[in-house]
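Heads up: the structure comes next, in structure tokens.
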Amino acid sequence: MAARGSSSVMADELPQKALQLLNSPDYYFTQKFLTDMEASQEKMTLYEYCVENHPYELFLKLSEHLLHSPGNTLEIKSKCADLIHSLLDSPSDSCSIWRSSTDVVKDQLKSRILDILEGDNPVKVCELMWNTASQIFSCIIAEKQGEWQGMLRFFFYSLFSGPLHIQDCALSFFLDLPKCMANELRHYFPQLKSTLSKKFYKSKGTSKVLALCALVSLVQHMSSDYYSQFSDLLLPMINGVSHFLRNKDEEPNAQECLKKLVELVVTEPSFFNSHLDQVFTALIKISEDDSLEEETRCLAVEVMYAFDDNSIKKVRRGILLANLGDELIRMVSCIPHKSGNYLVGEKFLHRIAILRSAEFYIPAVLKEIERMITSLNWRDRYAGATFIGLITEGCGKGISDNRGGVVKLVFKLIADSENNVCFGTVRTIKTLCEQLPPQTLDDQVHIIITSLLGTLVRDTNPTNKANTVCTISTLYKSCSSSYLAPYLQITVNALLEMSKSQSSETELLQAHSLEALASVARTSKDLFCAFYESVITSLKELLPKATSNLVKENAVECIWTVAVVVGKDIFKKVANEVKDILLNIERNLREDDHNLKVTLLQAWKQLIIFLGYDFYPDDLMPGLLRAASLDLNNSTEHDMLRVKLRACELLLCLTSQFNNEFLKWIDMVSDVLVPLVTFRDKDIRKVAISAMPELLISAKHSIETKLDPPSRNSYLKRLLLRIVPSLVEALEKEADGEVCARIVKSLTKCIESAGKCLDKQKILRTANVVEKVLKATLDDQFSEEENVTEQEKHIVDEIVNYYHKLMKIYDESSWTITIRFMEYQIALMRNAATEKQKQILRLTFKNEP
């Protein structure tokens with residue numbers, strides 16, 4: 001109880017003690033407080049109270065002590081600078097002291113910081129205060145908060161003539177300057193370049209690194225007009241890296257320089273154009289030097305990889321492949337079980353093969369790979385296996401012409417005793433199947449499929465087996481079914497067997513096996529009927545037991561794929577059973593099972609289209625209407641949009657597919673889809689717009705035999721008067737040309753299907769909005785191209801078609817509107833200012849009957 005009371009008294013005393021500390025003129029009192037602060041909880045609490053409640057006064061106290069306290073020790077000065085830096089850190093943050101200060105206070109802060117910078121301070125104080133100044137200055141410039149009077153002048157003075165440690169601080173300040181400072185820096189360009197160049201040439205160690213980084217920043221600040229003025233510095237900057245590498249202790253400095261060069265290459269690749277060959281030659285030399293750290297060698301390759309495609313194409317023939325090829329292959333060989341840095345070698349080799357494919361003579365490449373795969377070092381064999389896949393995209397023709405030799409090498413490698421080599425070979429086969437034209441590998445199918453099936457038997461690693469299954473799936477997509485027919489039985493059996501292995505370790509293998517089964521079914525078509533019974537039985541058993549969503553998704557896709565392949569007559573025997581399984585999965589879905597929801601909706605759509613009335617989904621509708629009505633939230637909006645879109649697509653499919661049996665759902669579907677014609681997502685809008693006439697057509701067919709004529713007309717008119725105004729409203733709001741054309745098309749179909757149900761006022765309102773779409777097309781609101789685009793032609797076609805149908809259905813009552821439209825066309829033709837406008841208007845006349 002006493003402790004709590006003591007704490008309460010202390011809290012009550014904090015305001016008074018804070019004022020005593022901040023207003024005290026006694027420097028020694030303040031110095032003792034700062035010295036004892038970390039060891040005293042009471043003093044630390046008081047300091048934190050000052051930070052929270054009196055930050056500006058605290059800054060003044062600390063800065064005053066730093067500037068004027070007699071007998072300041074290095075420790076106290078550093079302590080004050082550290083506390084000021086912490087107090088003013090991250091000025092751009094919304095809750096920072098800088099952000100919450102008034103303009104008057106900010107001016108006082110800037111003035112006091114500049115006073116400190118101009119003083120004679122130890123190195124640590126200089127570094128901390130220059131860093132604080134840099135953050136505040138960048139915030140002022142980037143956020144246009146006025147200016148910092150005197151700061152830029154002092155920066156240049158410090159950079160050009162200050163002591164060495166101050167010059168280094170100024171260099172660091174320069175590195176943090178925002179890019180929007182380019183105009184100001186141009187006035188100082190000659191002096192900046194001269195000073196930075198001298199510092200780069202004369203300094204050593206970290207000062208030299210800072211100077212090189214500053215030169216890079218200067219290049220980035222300047223426009224390309226200044227590149228020629230840097231030409232004398234480019235090679236010295238590259239050679240500066242090599243200079244560091246002569247001394248093992250300075251290799252970290254070389255690494256920092258290489259990282260800065262990567263940044264420069266990304267932002268200003270054309271800066272290097274004048275010395276591109278020399279730059280690449282120097283970097284290749286670094287990458288080949290096995291006395292250097294792996295990080296250094298990889299960074300040299302990363303600099304080259306950072307160049308854009310045009311730059312890589314300009315490098316003199318022979319430099320890249322002849323001098324760099326071996327190093328990149330070495331990096332590829334280091335990828336398994338090593339740092340991700342080596343991956344840049346793999347990516348670069350792939351890019352070179354695409355950009356410089358003419359330099360790859362495939363017979364010679366295959367001989368080199370033949371040499372590599374005889375190596376006792378499995379990493380060399382892995383690199384050989386991977387090399388083929390990396391160059392396939394760029395050198396497809398050469399690979400195709402020599403496919404016999406390529407497959408022969410693959411056959412040797414896939415049986416390698418080292419799993420990594422085997423894995424690399426499987427990945428290469430997948431690449432060959434994906435990148436080479438279809439049927440290219442038909443005559444090599446026997447070797448490839450037997451190799452892959454053999455790997456499935458030998459390899460016990462579930463992940464490796466899953467990758468092999470993916471490759472088999474890709475092979476079936478790329479080859480002719482007639483060539484694969486002899487291997488169907490063994491392939492299907494193997495995939496079925498692996499699809500049954502249910503455990504957390506084999507989940508990926510099980511999922512990929514189901515995906516591959518679907519691929520095999522699609523490719524083999526009629527031949528797959530022989531395996532239908534075993535596959536469908538297995539799928540029906542697997543789905544209710546599956547616990548993984550990925551497995552469920554692939555099994556659902558597999559089941560509808562198999563159904564479509566074997567045909568309606570065969571599949572309809574188990575259709576109801578499959579329907580019950582799918583509905584059961586749907587009933588047990590969690591709210592966040594978005595991918596599985598999308599897959600199920602896709603399956604329903606395919607089965608409904610495929611089976612028609614034999615698969616009428618009455619019990620599917622409640623869940624489907626809920627999915628189409630989803631309210632989106634920001635955290636999962638993308639996933640929920642996919643579900644909503646698929647549900648809307650399925651509702652459109654059902655509306656058009658079962659129009660005679662859909663009457664009881666039409667009002668509910670209308671309630672969901674009509675508001676969506678103005679929905680923010682374009683794809684959903686398009687589906688909802690397309691569904692509007694389908695709802696009318698479905699209603700018309702359904703009520704013909706179910707309602708008497710007066711009731712039919714009343715119901716149809718009520719629905720029409722709900723749909724047409726919503727489409728007109730959507731057309732008025734729509735800014736996308738493609739969607740506008742779709743709305744006009746839907747309006748036309750609505751008028752066509754409903755007959756003379758609209759009064760003249762509604763027709764006139766609709767026609768007015770359609771006319772505005774023509775005007776928008778003439779005003780280039782849908783395209784800024786000089787000539788008429790296909791989309792604009794499509795819009796005009798739909799507008800003209802709308803008037804055709806209007807005249808046909810409403811005959812005399814539409815004449816006034818039609819004549820007015822023709823007069824409107826003529827008036828527009830007279831006022832047409834561009835050739836494009838005339839072309840569009842000619843289209844409206846040309847398309848008229």
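Scheme for the structure tokens: letters A, B, ... for chains in order shown; per-chain residue numbers from 1; ligand numbers from 1 in order shown.
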**OP:** Using backbone DSSP assignments, extract all alpha helix (DSSP H) residues from range 566-639 of chain A; output them as a PyMOL selection string.
**Re:** chain A and resi 566+568-571+575-587+594-611+621-628+637-639
Got time to write the residues from that selection, C-alpha atoms, as a PDB file, in the first residue's frame?
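The result, written out as again-v8.pdb:
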ATOM      1  CA  VAL A 566     -16.164 -39.377 -71.177  1.00  0.00           C
ATOM      2  CA  LYS A 568     -22.947 -37.281 -70.799  1.00  0.00           C
ATOM      3  CA  ASP A 569     -24.248 -40.784 -71.444  1.00  0.00           C
ATOM      4  CA  ILE A 570     -21.526 -42.422 -69.353  1.00  0.00           C
ATOM      5  CA  PHE A 571     -21.314 -39.854 -66.555  1.00  0.00           C
ATOM      6  CA  ALA A 575     -24.261 -37.481 -61.709  1.00  0.00           C
ATOM      7  CA  ASN A 576     -26.618 -37.314 -58.716  1.00  0.00           C
ATOM      8  CA  GLU A 577     -24.072 -39.027 -56.484  1.00  0.00           C
ATOM      9  CA  VAL A 578     -21.400 -36.523 -57.521  1.00  0.00           C
ATOM     10  CA  LYS A 579     -23.867 -33.688 -57.025  1.00  0.00           C
ATOM     11  CA  ASP A 580     -24.517 -34.816 -53.437  1.00  0.00           C
ATOM     12  CA  ILE A 581     -20.765 -35.021 -52.734  1.00  0.00           C
ATOM     13  CA  LEU A 582     -20.200 -31.498 -54.051  1.00  0.00           C
ATOM     14  CA  LEU A 583     -23.148 -30.111 -52.097  1.00  0.00           C
ATOM     15  CA  ASN A 584     -21.840 -31.730 -48.934  1.00  0.00           C
ATOM     16  CA  ILE A 585     -18.427 -30.106 -49.453  1.00  0.00           C
ATOM     17  CA  GLU A 586     -20.166 -26.779 -50.003  1.00  0.00           C
ATOM     18  CA  ARG A 587     -22.189 -27.109 -46.813  1.00  0.00           C
ATOM     19  CA  HIS A 594     -12.258 -18.763 -51.080  1.00  0.00           C
ATOM     20  CA  ASN A 595     -10.227 -20.882 -53.514  1.00  0.00           C
ATOM     21  CA  LEU A 596     -12.336 -23.956 -52.875  1.00  0.00           C
ATOM     22  CA  LYS A 597     -15.523 -21.908 -53.316  1.00  0.00           C
ATOM     23  CA  VAL A 598     -14.287 -20.675 -56.707  1.00  0.00           C
ATOM     24  CA  THR A 599     -13.374 -24.218 -57.772  1.00  0.00           C
ATOM     25  CA  LEU A 600     -16.787 -25.556 -56.754  1.00  0.00           C
ATOM     26  CA  LEU A 601     -18.585 -22.778 -58.636  1.00  0.00           C
ATOM     27  CA  GLN A 602     -16.501 -23.551 -61.709  1.00  0.00           C
ATOM     28  CA  ALA A 603     -17.384 -27.244 -61.370  1.00  0.00           C
ATOM     29  CA  TRP A 604     -21.114 -26.478 -61.071  1.00  0.00           C
ATOM     30  CA  LYS A 605     -20.949 -24.317 -64.182  1.00  0.00           C
ATOM     31  CA  GLN A 606     -19.157 -26.973 -66.249  1.00  0.00           C
ATOM     32  CA  LEU A 607     -21.458 -29.787 -65.127  1.00  0.00           C
ATOM     33  CA  ILE A 608     -24.611 -27.712 -65.698  1.00  0.00           C
ATOM     34  CA  ILE A 609     -23.539 -26.739 -69.226  1.00  0.00           C
ATOM     35  CA  PHE A 610     -22.519 -30.308 -69.904  1.00  0.00           C
ATOM     36  CA  LEU A 611     -25.503 -32.176 -68.421  1.00  0.00           C
ATOM     37  CA  MET A 621     -29.521 -21.935 -55.538  1.00  0.00           C
ATOM     38  CA  PRO A 622     -29.653 -20.679 -51.902  1.00  0.00           C
ATOM     39  CA  GLY A 623     -25.880 -20.906 -51.475  1.00  0.00           C
ATOM     40  CA  LEU A 624     -25.300 -19.483 -54.930  1.00  0.00           C
ATOM     41  CA  LEU A 625     -27.473 -16.434 -54.232  1.00  0.00           C
ATOM     42  CA  ARG A 626     -25.576 -15.847 -50.974  1.00  0.00           C
ATOM     43  CA  ALA A 627     -22.221 -16.009 -52.787  1.00  0.00           C
ATOM     44  CA  ALA A 628     -23.371 -13.554 -55.459  1.00  0.00           C
ATOM     45  CA  GLU A 637     -11.615  -8.260 -51.068  1.00  0.00           C
ATOM     46  CA  HIS A 638      -9.668  -9.842 -53.930  1.00  0.00           C
ATOM     47  CA  ASP A 639     -10.587 -13.394 -52.901  1.00  0.00           C
TER      48      ASP A 639
END
**OP:** For range 309-322 of chain A, work out the shell of residues within 12 Å, counting only C-alpha atoms and skipping chain neighbours fewer than 4 positions away, then give it as a ChimeraX atom specification.
**Re:** /A:265-266,268-285,301,303-305,326-329,348-361,365
Extract, using only C-alpha atoms, all DNA, RNA and protein residues at most 12 Å from Cys213 in chain A, discarding same-chain residues fewer than 3 positions from it, and format them as a JSON list (two decimals) with N, CA, C and O atoms, in the first residue's frame.
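result04.json was written with the following content:
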[["chain", "number", "residue", "atom", "x", "y", "z"],
["A", 168, "ASP", "N", 33.07, 13.87, -44.72],
["A", 168, "ASP", "CA", 32.38, 12.57, -44.80],
["A", 168, "ASP", "C", 30.93, 12.69, -44.35],
["A", 168, "ASP", "O", 30.02, 12.08, -44.93],
["A", 171, "LEU", "N", 29.06, 14.24, -47.11],
["A", 171, "LEU", "CA", 28.81, 13.25, -48.17],
["A", 171, "LEU", "C", 27.59, 12.40, -47.83],
["A", 171, "LEU", "O", 26.75, 12.12, -48.69],
["A", 172, "SER", "N", 27.51, 11.97, -46.57],
["A", 172, "SER", "CA", 26.35, 11.17, -46.15],
["A", 172, "SER", "C", 25.06, 11.98, -46.28],
["A", 172, "SER", "O", 24.02, 11.46, -46.69],
["A", 173, "PHE", "N", 25.14, 13.27, -45.94],
["A", 173, "PHE", "CA", 23.99, 14.17, -46.10],
["A", 173, "PHE", "C", 23.60, 14.24, -47.57],
["A", 173, "PHE", "O", 22.41, 14.18, -47.92],
["A", 174, "PHE", "N", 24.59, 14.34, -48.44],
["A", 174, "PHE", "CA", 24.34, 14.43, -49.89],
["A", 174, "PHE", "C", 23.64, 13.16, -50.40],
["A", 174, "PHE", "O", 22.75, 13.22, -51.25],
["A", 175, "LEU", "N", 24.05, 12.01, -49.88],
["A", 175, "LEU", "CA", 23.47, 10.75, -50.33],
["A", 175, "LEU", "C", 21.97, 10.65, -50.02],
["A", 175, "LEU", "O", 21.24, 9.94, -50.71],
["A", 176, "ASP", "N", 21.53, 11.38, -48.99],
["A", 176, "ASP", "CA", 20.12, 11.31, -48.59],
["A", 176, "ASP", "C", 19.27, 12.41, -49.21],
["A", 176, "ASP", "O", 18.06, 12.48, -48.93],
["A", 196, "LEU", "N", 33.93, 15.92, -55.55],
["A", 196, "LEU", "CA", 33.69, 14.49, -55.35],
["A", 196, "LEU", "C", 34.73, 13.64, -56.07],
["A", 196, "LEU", "O", 35.17, 12.61, -55.55],
["A", 197, "SER", "N", 35.14, 14.08, -57.25],
["A", 197, "SER", "CA", 36.15, 13.34, -58.00],
["A", 197, "SER", "C", 37.47, 13.32, -57.25],
["A", 197, "SER", "O", 38.12, 12.28, -57.12],
["A", 199, "LYS", "N", 37.97, 13.79, -54.08],
["A", 199, "LYS", "CA", 37.83, 12.98, -52.86],
["A", 199, "LYS", "C", 37.89, 11.49, -53.20],
["A", 199, "LYS", "O", 38.49, 10.70, -52.48],
["A", 200, "PHE", "N", 37.26, 11.12, -54.33],
["A", 200, "PHE", "CA", 37.27, 9.71, -54.74],
["A", 200, "PHE", "C", 38.68, 9.26, -55.07],
["A", 200, "PHE", "O", 39.12, 8.18, -54.66],
["A", 206, "THR", "N", 36.56, 3.76, -46.12],
["A", 206, "THR", "CA", 35.14, 4.13, -46.15],
["A", 206, "THR", "C", 34.93, 5.50, -46.79],
["A", 206, "THR", "O", 33.87, 5.77, -47.36],
["A", 207, "SER", "N", 35.92, 6.40, -46.67],
["A", 207, "SER", "CA", 35.79, 7.72, -47.31],
["A", 207, "SER", "C", 35.73, 7.57, -48.82],
["A", 207, "SER", "O", 34.97, 8.28, -49.50],
["A", 208, "LYS", "N", 36.50, 6.65, -49.36],
["A", 208, "LYS", "CA", 36.46, 6.41, -50.82],
["A", 208, "LYS", "C", 35.11, 5.81, -51.24],
["A", 208, "LYS", "O", 34.55, 6.16, -52.28],
["A", 209, "VAL", "N", 34.61, 4.90, -50.39],
["A", 209, "VAL", "CA", 33.29, 4.32, -50.67],
["A", 209, "VAL", "C", 32.22, 5.42, -50.67],
["A", 209, "VAL", "O", 31.37, 5.49, -51.57],
["A", 210, "LEU", "N", 32.28, 6.31, -49.67],
["A", 210, "LEU", "CA", 31.33, 7.41, -49.59],
["A", 210, "LEU", "C", 31.41, 8.29, -50.83],
["A", 210, "LEU", "O", 30.40, 8.72, -51.38],
["A", 216, "VAL", "N", 27.73, 8.41, -57.62],
["A", 216, "VAL", "CA", 26.57, 7.69, -58.16],
["A", 216, "VAL", "C", 25.30, 8.53, -57.94],
["A", 216, "VAL", "O", 24.47, 8.68, -58.84],
["A", 217, "SER", "N", 25.16, 9.08, -56.74],
["A", 217, "SER", "CA", 23.98, 9.89, -56.46],
["A", 217, "SER", "C", 23.94, 11.14, -57.34],
["A", 217, "SER", "O", 22.86, 11.56, -57.78],
["A", 218, "LEU", "N", 25.10, 11.72, -57.60],
["A", 218, "LEU", "CA", 25.15, 12.90, -58.46],
["A", 218, "LEU", "C", 24.67, 12.55, -59.88],
["A", 218, "LEU", "O", 23.91, 13.31, -60.49],
["A", 219, "VAL", "N", 25.09, 11.40, -60.38],
["A", 219, "VAL", "CA", 24.63, 10.94, -61.69],
["A", 219, "VAL", "C", 23.11, 10.79, -61.68],
["A", 219, "VAL", "O", 22.41, 11.19, -62.62],
["A", 220, "GLN", "N", 22.59, 10.22, -60.60],
["A", 220, "GLN", "CA", 21.15, 9.99, -60.51],
["A", 220, "GLN", "C", 20.36, 11.29, -60.42],
["A", 220, "GLN", "O", 19.23, 11.38, -60.88],
["A", 237, "MET", "N", 35.52, 4.69, -61.58],
["A", 237, "MET", "CA", 34.59, 4.17, -60.57],
["A", 237, "MET", "C", 34.62, 2.65, -60.55],
["A", 237, "MET", "O", 34.63, 2.02, -59.49],
["A", 238, "ILE", "N", 34.62, 2.04, -61.75],
["A", 238, "ILE", "CA", 34.69, 0.57, -61.83],
["A", 238, "ILE", "C", 36.04, 0.08, -61.33],
["A", 238, "ILE", "O", 36.13, -0.89, -60.57],
["A", 240, "GLY", "N", 37.89, 1.53, -59.23],
["A", 240, "GLY", "CA", 37.95, 1.73, -57.78],
["A", 240, "GLY", "C", 37.53, 0.48, -57.04],
["A", 240, "GLY", "O", 38.08, 0.14, -55.99],
["A", 241, "VAL", "N", 36.55, -0.23, -57.59],
["A", 241, "VAL", "CA", 36.13, -1.50, -56.99],
["A", 241, "VAL", "C", 37.27, -2.50, -57.04],
["A", 241, "VAL", "O", 37.59, -3.17, -56.04],
["A", 253, "ASN", "N", 34.46, -3.05, -48.51],
["A", 253, "ASN", "CA", 34.27, -1.76, -49.19],
["A", 253, "ASN", "C", 33.91, -1.97, -50.66],
["A", 253, "ASN", "O", 33.06, -1.25, -51.21],
["A", 254, "ALA", "N", 34.55, -2.95, -51.29],
["A", 254, "ALA", "CA", 34.24, -3.26, -52.69],
["A", 254, "ALA", "C", 32.79, -3.72, -52.81],
["A", 254, "ALA", "O", 32.09, -3.37, -53.77],
["A", 255, "GLN", "N", 32.34, -4.50, -51.83],
["A", 255, "GLN", "CA", 30.96, -4.99, -51.87],
["A", 255, "GLN", "C", 29.96, -3.83, -51.77],
["A", 255, "GLN", "O", 28.94, -3.81, -52.47],
["A", 256, "GLU", "N", 30.26, -2.86, -50.91],
["A", 256, "GLU", "CA", 29.39, -1.69, -50.79],
["A", 256, "GLU", "C", 29.33, -0.91, -52.11],
["A", 256, "GLU", "O", 28.28, -0.44, -52.53],
["A", 257, "CYS", "N", 30.47, -0.79, -52.77],
["A", 257, "CYS", "CA", 30.51, -0.09, -54.06],
["A", 257, "CYS", "C", 29.70, -0.83, -55.11],
["A", 257, "CYS", "O", 28.98, -0.22, -55.91],
["A", 258, "LEU", "N", 29.82, -2.15, -55.14],
["A", 258, "LEU", "CA", 29.07, -2.95, -56.12],
["A", 258, "LEU", "C", 27.56, -2.82, -55.89],
["A", 258, "LEU", "O", 26.79, -2.73, -56.85],
["A", 259, "LYS", "N", 27.16, -2.77, -54.63],
["A", 259, "LYS", "CA", 25.73, -2.60, -54.33],
["A", 259, "LYS", "C", 25.24, -1.24, -54.85],
["A", 259, "LYS", "O", 24.13, -1.13, -55.38],
["A", 260, "LYS", "N", 26.09, -0.22, -54.70],
["A", 260, "LYS", "CA", 25.69, 1.11, -55.20],
["A", 260, "LYS", "C", 25.65, 1.12, -56.72],
["A", 260, "LYS", "O", 24.80, 1.80, -57.32],
["A", 261, "LEU", "N", 26.54, 0.37, -57.36],
["A", 261, "LEU", "CA", 26.53, 0.30, -58.83],
["A", 261, "LEU", "C", 25.27, -0.42, -59.33],
["A", 261, "LEU", "O", 24.74, -0.08, -60.38],
["A", 262, "VAL", "N", 24.80, -1.44, -58.59],
["A", 262, "VAL", "CA", 23.54, -2.10, -58.95],
["A", 262, "VAL", "C", 22.42, -1.06, -58.97],
["A", 262, "VAL", "O", 21.63, -1.00, -59.92],
["A", 263, "GLU", "N", 22.39, -0.23, -57.96],
["A", 263, "GLU", "CA", 21.36, 0.82, -57.87],
["A", 263, "GLU", "C", 21.46, 1.78, -59.06],
["A", 263, "GLU", "O", 20.45, 2.17, -59.64],
["A", 264, "LEU", "N", 22.70, 2.15, -59.44],
["A", 264, "LEU", "CA", 22.89, 3.08, -60.56],
["A", 264, "LEU", "C", 22.47, 2.44, -61.88],
["A", 264, "LEU", "O", 21.84, 3.08, -62.72]]
**OP:** Please indicate the distance in Å from CA of Ser534 in chain A to CA of Ala555 in chain A, rounded to one decimal place.
**Re:**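 Spanning CA of Ser534 in chain A to CA of Ala555 in chain A is a straight-line distance of 14.2 Å.
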Please report, as CSV, each residue of range 699-761 of chain A lying at most 12 Å from range 770-784 of chain A, together with the nearest pair of atoms and the separation in Å rounded to one decimal; use only C-alpha atoms, and order rows by chain and ascending residue number.
residue,atom,partner,partner_atom,distance
A:Leu727,CA,A:Val770,CA,10.9
A:Val728,CA,A:Val770,CA,8.5
A:Glu729,CA,A:Val770,CA,11.2
A:Ala730,CA,A:Val770,CA,11.4
A:Leu731,CA,A:Val770,CA,7.9
A:Glu732,CA,A:Lys772,CA,8.3
A:Lys733,CA,A:Val773,CA,10.7
A:Glu734,CA,A:Val773,CA,9.5
A:Ala735,CA,A:Phe782,CA,7.5
A:Asp736,CA,A:Phe782,CA,6.5
A:Gly737,CA,A:Phe782,CA,5.1
A:Glu738,CA,A:Phe782,CA,8.5
A:Val739,CA,A:Phe782,CA,10.5
A:Cys740,CA,A:Val773,CA,7.4
A:Ala741,CA,A:Val773,CA,8.8
A:Arg742,CA,A:Val773,CA,11.8
A:Ile743,CA,A:Val770,CA,9.5
A:Val744,CA,A:Val770,CA,7.1
A:Lys745,CA,A:Val770,CA,10.6
A:Ser746,CA,A:Val770,CA,12.0
A:Leu747,CA,A:Val770,CA,9.6
A:Thr748,CA,A:Val770,CA,10.7
